[in-house]
Amino acid sequence: MYSSLTHVDADTGKAKMVDVGWKNVTERTAKATGMVKVGPVISKLITENNMKKGDVLAVAQLAGIMAAKRTSELIPLCHPLQLNYIDVQLQLNSETHTVEIVSEVRCTGKTGVEMEALTAVSIAALTVYDMCKSVSSPGILQICNVELIFKTGGTKQNFSKEGSSAKL
């Protein structure tokens, strides 16, 4: 019953980490995006760098980078990876009152970096939320559209989502 599931032991049906020892080492890249709706008041405070907790975009960028490096500690069945490159960019869109987030993660290894890219965006978004919540009315802050938009490397097909907003 469990033999076709990659992260489940065929005999016991319990979760297990996949053996990637047989895989070839390849260059792997993943990009993810997401956004935080902040509303006009918070948008203005971020623009003026006038938030009580400091520079929202800079702190969230660092949080995203740190999170990518610790993904295997946060997600139980992820392999620890030696990452070659992590980039997290945040940009305030003053017209839509959103913070747009893009991450790119690269490694040379036996398994991909999709989860690292998604973790970077997710934690950057949560950091924006945390830094802005004290001046927000209920329902204003929303984390939205966290998704993988690009991946290369490995034996599976490369992936690129058309029309992505990864322009930062």
# chains A, B, ... in the order shown; residues from 1 in each chain; ligands from 1
$ residues_around --residues "Phe150 of chain A" --least-positions-apart "3" --cutoff "6 Å" --atoms "only C-alpha atoms" --output "PyMOL selection string"
chain A and resi 30-31+159-160
$ write_last_selection --atoms "N, CA, C and O atoms" --output "mmCIF file, in the first residue's frame"
data_model
loop_
_atom_site.group_PDB
_atom_site.id
_atom_site.type_symbol
_atom_site.label_atom_id
_atom_site.label_comp_id
_atom_site.auth_asym_id
_atom_site.auth_seq_id
_atom_site.Cartn_x
_atom_site.Cartn_y
_atom_site.Cartn_z
ATOM 1 N N ALA A 30 16.023 27.489 -7.279
ATOM 2 C CA ALA A 30 14.580 27.656 -7.080
ATOM 3 C C ALA A 30 14.304 29.113 -6.753
ATOM 4 O O ALA A 30 15.094 29.772 -6.071
ATOM 5 N N LYS A 31 13.172 29.596 -7.270
ATOM 6 C CA LYS A 31 12.710 30.946 -6.954
ATOM 7 C C LYS A 31 11.276 30.847 -6.454
ATOM 8 O O LYS A 31 10.481 30.056 -6.948
ATOM 9 N N PHE A 159 10.957 23.801 -14.121
ATOM 10 C CA PHE A 159 9.659 24.436 -13.974
ATOM 11 C C PHE A 159 9.826 25.934 -14.008
ATOM 12 O O PHE A 159 10.739 26.480 -13.394
ATOM 13 N N SER A 160 8.962 26.597 -14.748
ATOM 14 C CA SER A 160 8.920 28.047 -14.743
ATOM 15 C C SER A 160 7.474 28.480 -14.910
ATOM 16 O O SER A 160 6.820 28.079 -15.873
#
$ select_by_dssp --residues "segment 36-68 of chain A" --states "alpha helix (DSSP H)" --output "MDAnalysis selection string"
chainID A and resid 39:47 56:68
$ closest_residue --among "A:Val56, A:Glu73, A:Gly153, A:Val25" --to "Ile42 of chain A" --atoms "only C-alpha atoms"
A:Val56
$ atom_distance --atom1 "atom CA of Leu83 of chain A" --atom2 "atom CA of Lys161 of chain A"
23.0 Å
$ closest_residue --among "A:Gln89, A:Ser103, A:Thr33, A:Thr119" --to "Ile75 of chain A" --atoms "only C-alpha atoms"
A:Thr119
$ closest_residue --among "A:Ile86, A:Val128, A:Val8, A:Val41" --to "Lys69 of chain A" --atoms "only C-alpha atoms"
A:Ile86
$ closest_residue --among "A:Ser134, A:Asn84, A:Thr71, A:Ser94" --to "Leu118 of chain A" --atoms "only C-alpha atoms"
A:Thr71
$ select_by_dssp --residues "segment 11-162 of chain A" --states "strand (DSSP E or B)" --output "ChimeraX atom specification"
/A:15,26-37,83-93,98-109,142-152,159-160
$ residues_around --residues "Val18 of chain A" --least-positions-apart "5" --cutoff "8 Å" --atoms "only C-alpha atoms" --output "PDB file with C-alpha atoms, in the first residue's frame"
ATOM      1  CA  THR A   6       8.389   8.428  -1.427  1.00  0.00           C
ATOM      2  CA  HIS A   7       8.456   9.579   2.197  1.00  0.00           C
ATOM      3  CA  LEU A  77      11.763  15.451   6.088  1.00  0.00           C
TER       4      LEU A  77
END
$ residues_around --residues "Ala67 of chain A" --least-positions-apart "4" --cutoff "9 Å" --atoms "only C-alpha atoms" --output "PyMOL selection string"
chain A and resi 62-63+71+74+116+119-124
$ write_last_selection --atoms "C-alpha atoms" --output "mmCIF file, in the first residue's frame"
data_model
loop_
_atom_site.group_PDB
_atom_site.id
_atom_site.type_symbol
_atom_site.label_atom_id
_atom_site.label_comp_id
_atom_site.auth_asym_id
_atom_site.auth_seq_id
_atom_site.Cartn_x
_atom_site.Cartn_y
_atom_site.Cartn_z
ATOM 1 C CA LEU A 62 17.738 38.989 6.815
ATOM 2 C CA ALA A 63 15.055 36.783 8.390
ATOM 3 C CA THR A 71 14.878 24.876 6.398
ATOM 4 C CA LEU A 74 11.929 23.514 10.376
ATOM 5 C CA GLU A 116 14.440 26.685 0.996
ATOM 6 C CA THR A 119 10.750 29.057 3.475
ATOM 7 C CA ALA A 120 12.708 32.251 2.776
ATOM 8 C CA VAL A 121 9.603 33.965 1.374
ATOM 9 C CA SER A 122 7.336 32.648 4.125
ATOM 10 C CA ILE A 123 9.556 33.772 6.990
ATOM 11 C CA ALA A 124 10.244 37.138 5.349
#
$ residues_around --residues "Thr47 of chain A" --least-positions-apart "5" --cutoff "12 Å" --atoms "only C-alpha atoms" --output "ChimeraX atom specification"
/A:38,40-42,54-57,91-95,97-99
$ write_last_selection --atoms "N, CA, C and O atoms" --output "PDB file, in the first residue's frame"
ATOM      1  N   VAL A  38      -0.427  45.341   3.329  1.00  0.00           N
ATOM      2  CA  VAL A  38      -0.195  46.106   4.550  1.00  0.00           C
ATOM      3  C   VAL A  38      -1.138  47.295   4.735  1.00  0.00           C
ATOM      4  O   VAL A  38      -1.220  47.839   5.829  1.00  0.00           O
ATOM      5  N   PRO A  40      -2.692  51.281   3.513  1.00  0.00           N
ATOM      6  CA  PRO A  40      -2.059  52.590   3.275  1.00  0.00           C
ATOM      7  C   PRO A  40      -1.302  53.166   4.472  1.00  0.00           C
ATOM      8  O   PRO A  40      -0.259  53.798   4.299  1.00  0.00           O
ATOM      9  N   VAL A  41      -1.800  52.980   5.685  1.00  0.00           N
ATOM     10  CA  VAL A  41      -1.131  53.547   6.862  1.00  0.00           C
ATOM     11  C   VAL A  41       0.236  52.908   7.056  1.00  0.00           C
ATOM     12  O   VAL A  41       1.260  53.599   7.209  1.00  0.00           O
ATOM     13  N   ILE A  42       0.279  51.594   7.040  1.00  0.00           N
ATOM     14  CA  ILE A  42       1.549  50.892   7.234  1.00  0.00           C
ATOM     15  C   ILE A  42       2.478  51.134   6.045  1.00  0.00           C
ATOM     16  O   ILE A  42       3.686  51.286   6.219  1.00  0.00           O
ATOM     17  N   GLY A  54      11.801  49.157  13.617  1.00  0.00           N
ATOM     18  CA  GLY A  54      12.929  49.441  12.729  1.00  0.00           C
ATOM     19  C   GLY A  54      12.596  49.248  11.261  1.00  0.00           C
ATOM     20  O   GLY A  54      11.443  49.269  10.849  1.00  0.00           O
ATOM     21  N   ASP A  55      13.644  49.053  10.473  1.00  0.00           N
ATOM     22  CA  ASP A  55      13.554  48.936   9.020  1.00  0.00           C
ATOM     23  C   ASP A  55      12.929  47.595   8.642  1.00  0.00           C
ATOM     24  O   ASP A  55      13.595  46.558   8.641  1.00  0.00           O
ATOM     25  N   VAL A  56      11.649  47.628   8.313  1.00  0.00           N
ATOM     26  CA  VAL A  56      10.879  46.415   8.058  1.00  0.00           C
ATOM     27  C   VAL A  56      11.488  45.585   6.934  1.00  0.00           C
ATOM     28  O   VAL A  56      11.670  44.371   7.061  1.00  0.00           O
ATOM     29  N   LEU A  57      11.812  46.222   5.824  1.00  0.00           N
ATOM     30  CA  LEU A  57      12.288  45.477   4.660  1.00  0.00           C
ATOM     31  C   LEU A  57      13.667  44.858   4.901  1.00  0.00           C
ATOM     32  O   LEU A  57      13.915  43.713   4.505  1.00  0.00           O
ATOM     33  N   GLN A  91      10.183  44.546  -1.710  1.00  0.00           N
ATOM     34  CA  GLN A  91       9.919  45.855  -2.287  1.00  0.00           C
ATOM     35  C   GLN A  91       8.510  46.284  -1.890  1.00  0.00           C
ATOM     36  O   GLN A  91       7.556  45.517  -2.032  1.00  0.00           O
ATOM     37  N   LEU A  92       8.400  47.513  -1.409  1.00  0.00           N
ATOM     38  CA  LEU A  92       7.092  48.060  -1.079  1.00  0.00           C
ATOM     39  C   LEU A  92       6.464  48.621  -2.343  1.00  0.00           C
ATOM     40  O   LEU A  92       7.075  49.423  -3.046  1.00  0.00           O
ATOM     41  N   ASN A  93       5.256  48.188  -2.645  1.00  0.00           N
ATOM     42  CA  ASN A  93       4.487  48.756  -3.745  1.00  0.00           C
ATOM     43  C   ASN A  93       3.518  49.747  -3.111  1.00  0.00           C
ATOM     44  O   ASN A  93       2.525  49.349  -2.499  1.00  0.00           O
ATOM     45  N   SER A  94       3.816  51.038  -3.255  1.00  0.00           N
ATOM     46  CA  SER A  94       3.018  52.087  -2.612  1.00  0.00           C
ATOM     47  C   SER A  94       1.651  52.263  -3.239  1.00  0.00           C
ATOM     48  O   SER A  94       0.760  52.836  -2.619  1.00  0.00           O
ATOM     49  N   GLU A  95       1.485  51.791  -4.457  1.00  0.00           N
ATOM     50  CA  GLU A  95       0.179  51.902  -5.115  1.00  0.00           C
ATOM     51  C   GLU A  95      -0.794  50.841  -4.617  1.00  0.00           C
ATOM     52  O   GLU A  95      -1.964  51.121  -4.384  1.00  0.00           O
ATOM     53  N   HIS A  97      -0.158  48.972  -1.858  1.00  0.00           N
ATOM     54  CA  HIS A  97       0.083  48.839  -0.417  1.00  0.00           C
ATOM     55  C   HIS A  97       0.404  47.396  -0.050  1.00  0.00           C
ATOM     56  O   HIS A  97      -0.185  46.797   0.852  1.00  0.00           O
ATOM     57  N   THR A  98       1.352  46.844  -0.800  1.00  0.00           N
ATOM     58  CA  THR A  98       1.822  45.485  -0.552  1.00  0.00           C
ATOM     59  C   THR A  98       3.340  45.472  -0.485  1.00  0.00           C
ATOM     60  O   THR A  98       4.012  46.290  -1.098  1.00  0.00           O
ATOM     61  N   VAL A  99       3.849  44.522   0.274  1.00  0.00           N
ATOM     62  CA  VAL A  99       5.284  44.239   0.260  1.00  0.00           C
ATOM     63  C   VAL A  99       5.443  42.987  -0.596  1.00  0.00           C
ATOM     64  O   VAL A  99       4.906  41.927  -0.268  1.00  0.00           O
TER      65      VAL A  99
END
$ closest_residue --among "A:Leu90, A:Asp11, A:Lys52, A:Met115" --to "Arg70 of chain A" --atoms "only C-alpha atoms"
A:Met115
$ closest_residue --among "A:Val20, A:Val36, A:Ala15, A:Cys107" --to "Ile140 of chain A" --atoms "only C-alpha atoms"
A:Val36
$ residues_around --residues "Pro138 of chain A" --least-positions-apart "4" --cutoff "12 Å" --atoms "only C-alpha atoms" --output "PyMOL selection string"
chain A and resi 38-39+129+132-134+142
$ atom_distance --atom1 "atom CA of Gln61 of chain A" --atom2 "atom CA of Gly112 of chain A"
21.7 Å
$ decode --residues "segment 80-118 of chain A" --atoms "N, CA and C atoms" --output "mmCIF file, in the first residue's frame"
data_model
loop_
_atom_site.group_PDB
_atom_site.id
_atom_site.type_symbol
_atom_site.label_atom_id
_atom_site.label_comp_id
_atom_site.auth_asym_id
_atom_site.auth_seq_id
_atom_site.Cartn_x
_atom_site.Cartn_y
_atom_site.Cartn_z
ATOM 1 N N PRO A 80 19.298 18.464 4.965
ATOM 2 C CA PRO A 80 20.153 19.640 5.165
ATOM 3 C C PRO A 80 21.026 19.829 3.926
ATOM 4 N N LEU A 81 21.093 21.048 3.429
ATOM 5 C CA LEU A 81 21.821 21.327 2.195
ATOM 6 C C LEU A 81 22.902 22.367 2.423
ATOM 7 N N GLN A 82 23.970 22.236 1.661
ATOM 8 C CA GLN A 82 25.008 23.259 1.629
ATOM 9 C C GLN A 82 24.609 24.241 0.523
ATOM 10 N N LEU A 83 24.068 25.380 0.923
ATOM 11 C CA LEU A 83 23.566 26.344 -0.049
ATOM 12 C C LEU A 83 24.708 27.202 -0.584
ATOM 13 N N ASN A 84 24.676 27.437 -1.897
ATOM 14 C CA ASN A 84 25.688 28.271 -2.542
ATOM 15 C C ASN A 84 25.283 29.734 -2.573
ATOM 16 N N TYR A 85 23.988 29.995 -2.597
ATOM 17 C CA TYR A 85 23.519 31.363 -2.826
ATOM 18 C C TYR A 85 22.102 31.489 -2.289
ATOM 19 N N ILE A 86 21.842 32.580 -1.595
ATOM 20 C CA ILE A 86 20.493 32.925 -1.144
ATOM 21 C C ILE A 86 20.303 34.412 -1.394
ATOM 22 N N ASP A 87 19.225 34.750 -2.078
ATOM 23 C CA ASP A 87 18.881 36.156 -2.279
ATOM 24 C C ASP A 87 17.414 36.327 -1.930
ATOM 25 N N VAL A 88 17.129 37.285 -1.082
ATOM 26 C CA VAL A 88 15.752 37.617 -0.728
ATOM 27 C C VAL A 88 15.597 39.116 -0.948
ATOM 28 N N GLN A 89 14.651 39.470 -1.782
ATOM 29 C CA GLN A 89 14.392 40.872 -2.084
ATOM 30 C C GLN A 89 12.968 41.226 -1.667
ATOM 31 N N LEU A 90 12.836 42.363 -1.013
ATOM 32 C CA LEU A 90 11.515 42.874 -0.638
ATOM 33 C C LEU A 90 11.371 44.273 -1.200
ATOM 34 N N GLN A 91 10.183 44.546 -1.710
ATOM 35 C CA GLN A 91 9.919 45.855 -2.287
ATOM 36 C C GLN A 91 8.510 46.284 -1.890
ATOM 37 N N LEU A 92 8.400 47.513 -1.409
ATOM 38 C CA LEU A 92 7.092 48.060 -1.079
ATOM 39 C C LEU A 92 6.464 48.621 -2.343
ATOM 40 N N ASN A 93 5.256 48.188 -2.645
ATOM 41 C CA ASN A 93 4.487 48.756 -3.745
ATOM 42 C C ASN A 93 3.518 49.747 -3.111
ATOM 43 N N SER A 94 3.816 51.038 -3.255
ATOM 44 C CA SER A 94 3.018 52.087 -2.612
ATOM 45 C C SER A 94 1.651 52.263 -3.239
ATOM 46 N N GLU A 95 1.485 51.791 -4.457
ATOM 47 C CA GLU A 95 0.179 51.902 -5.115
ATOM 48 C C GLU A 95 -0.794 50.841 -4.617
ATOM 49 N N THR A 96 -0.301 49.600 -4.460
ATOM 50 C CA THR A 96 -1.173 48.507 -4.010
ATOM 51 C C THR A 96 -1.066 48.264 -2.506
ATOM 52 N N HIS A 97 -0.158 48.972 -1.858
ATOM 53 C CA HIS A 97 0.083 48.839 -0.417
ATOM 54 C C HIS A 97 0.404 47.396 -0.050
ATOM 55 N N THR A 98 1.352 46.844 -0.800
ATOM 56 C CA THR A 98 1.822 45.485 -0.552
ATOM 57 C C THR A 98 3.340 45.472 -0.485
ATOM 58 N N VAL A 99 3.849 44.522 0.274
ATOM 59 C CA VAL A 99 5.284 44.239 0.260
ATOM 60 C C VAL A 99 5.443 42.987 -0.596
ATOM 61 N N GLU A 100 6.155 43.131 -1.707
ATOM 62 C CA GLU A 100 6.385 42.023 -2.630
ATOM 63 C C GLU A 100 7.716 41.372 -2.287
ATOM 64 N N ILE A 101 7.729 40.051 -2.251
ATOM 65 C CA ILE A 101 8.910 39.306 -1.813
ATOM 66 C C ILE A 101 9.291 38.300 -2.896
ATOM 67 N N VAL A 102 10.587 38.250 -3.210
ATOM 68 C CA VAL A 102 11.122 37.265 -4.154
ATOM 69 C C VAL A 102 12.370 36.660 -3.534
ATOM 70 N N SER A 103 12.463 35.338 -3.582
ATOM 71 C CA SER A 103 13.685 34.669 -3.114
ATOM 72 C C SER A 103 14.252 33.811 -4.232
ATOM 73 N N GLU A 104 15.558 33.668 -4.207
ATOM 74 C CA GLU A 104 16.254 32.739 -5.102
ATOM 75 C C GLU A 104 17.291 32.000 -4.277
ATOM 76 N N VAL A 105 17.301 30.696 -4.414
ATOM 77 C CA VAL A 105 18.238 29.866 -3.665
ATOM 78 C C VAL A 105 18.903 28.909 -4.644
ATOM 79 N N ARG A 106 20.230 28.716 -4.475
ATOM 80 C CA ARG A 106 20.979 27.806 -5.342
ATOM 81 C C ARG A 106 21.868 26.891 -4.496
ATOM 82 N N CYS A 107 22.060 25.685 -5.024
ATOM 83 C CA CYS A 107 23.032 24.771 -4.440
ATOM 84 C C CYS A 107 23.551 23.846 -5.532
ATOM 85 N N THR A 108 24.625 23.174 -5.233
ATOM 86 C CA THR A 108 25.115 22.082 -6.056
ATOM 87 C C THR A 108 24.962 20.850 -5.187
ATOM 88 N N GLY A 109 23.995 19.993 -5.539
ATOM 89 C CA GLY A 109 23.724 18.881 -4.648
ATOM 90 C C GLY A 109 22.854 17.817 -5.272
ATOM 91 N N LYS A 110 22.360 16.937 -4.415
ATOM 92 C CA LYS A 110 21.582 15.771 -4.843
ATOM 93 C C LYS A 110 20.081 15.957 -4.672
ATOM 94 N N THR A 111 19.664 17.062 -4.104
ATOM 95 C CA THR A 111 18.235 17.334 -3.950
ATOM 96 C C THR A 111 17.999 18.835 -4.089
ATOM 97 N N GLY A 112 16.772 19.206 -4.438
ATOM 98 C CA GLY A 112 16.465 20.580 -4.802
ATOM 99 C C GLY A 112 16.315 21.542 -3.645
ATOM 100 N N VAL A 113 16.168 22.801 -4.002
ATOM 101 C CA VAL A 113 16.106 23.891 -3.029
ATOM 102 C C VAL A 113 14.756 24.609 -3.035
ATOM 103 N N GLU A 114 13.722 23.909 -3.508
ATOM 104 C CA GLU A 114 12.393 24.530 -3.545
ATOM 105 C C GLU A 114 11.911 24.927 -2.159
ATOM 106 N N MET A 115 12.074 24.034 -1.209
ATOM 107 C CA MET A 115 11.583 24.320 0.141
ATOM 108 C C MET A 115 12.360 25.468 0.780
ATOM 109 N N GLU A 116 13.642 25.582 0.461
ATOM 110 C CA GLU A 116 14.440 26.685 0.996
ATOM 111 C C GLU A 116 13.950 28.026 0.450
ATOM 112 N N ALA A 117 13.638 28.064 -0.843
ATOM 113 C CA ALA A 117 13.123 29.298 -1.450
ATOM 114 C C ALA A 117 11.761 29.668 -0.866
ATOM 115 N N LEU A 118 10.890 28.674 -0.713
ATOM 116 C CA LEU A 118 9.568 28.927 -0.138
ATOM 117 C C LEU A 118 9.652 29.321 1.334
#
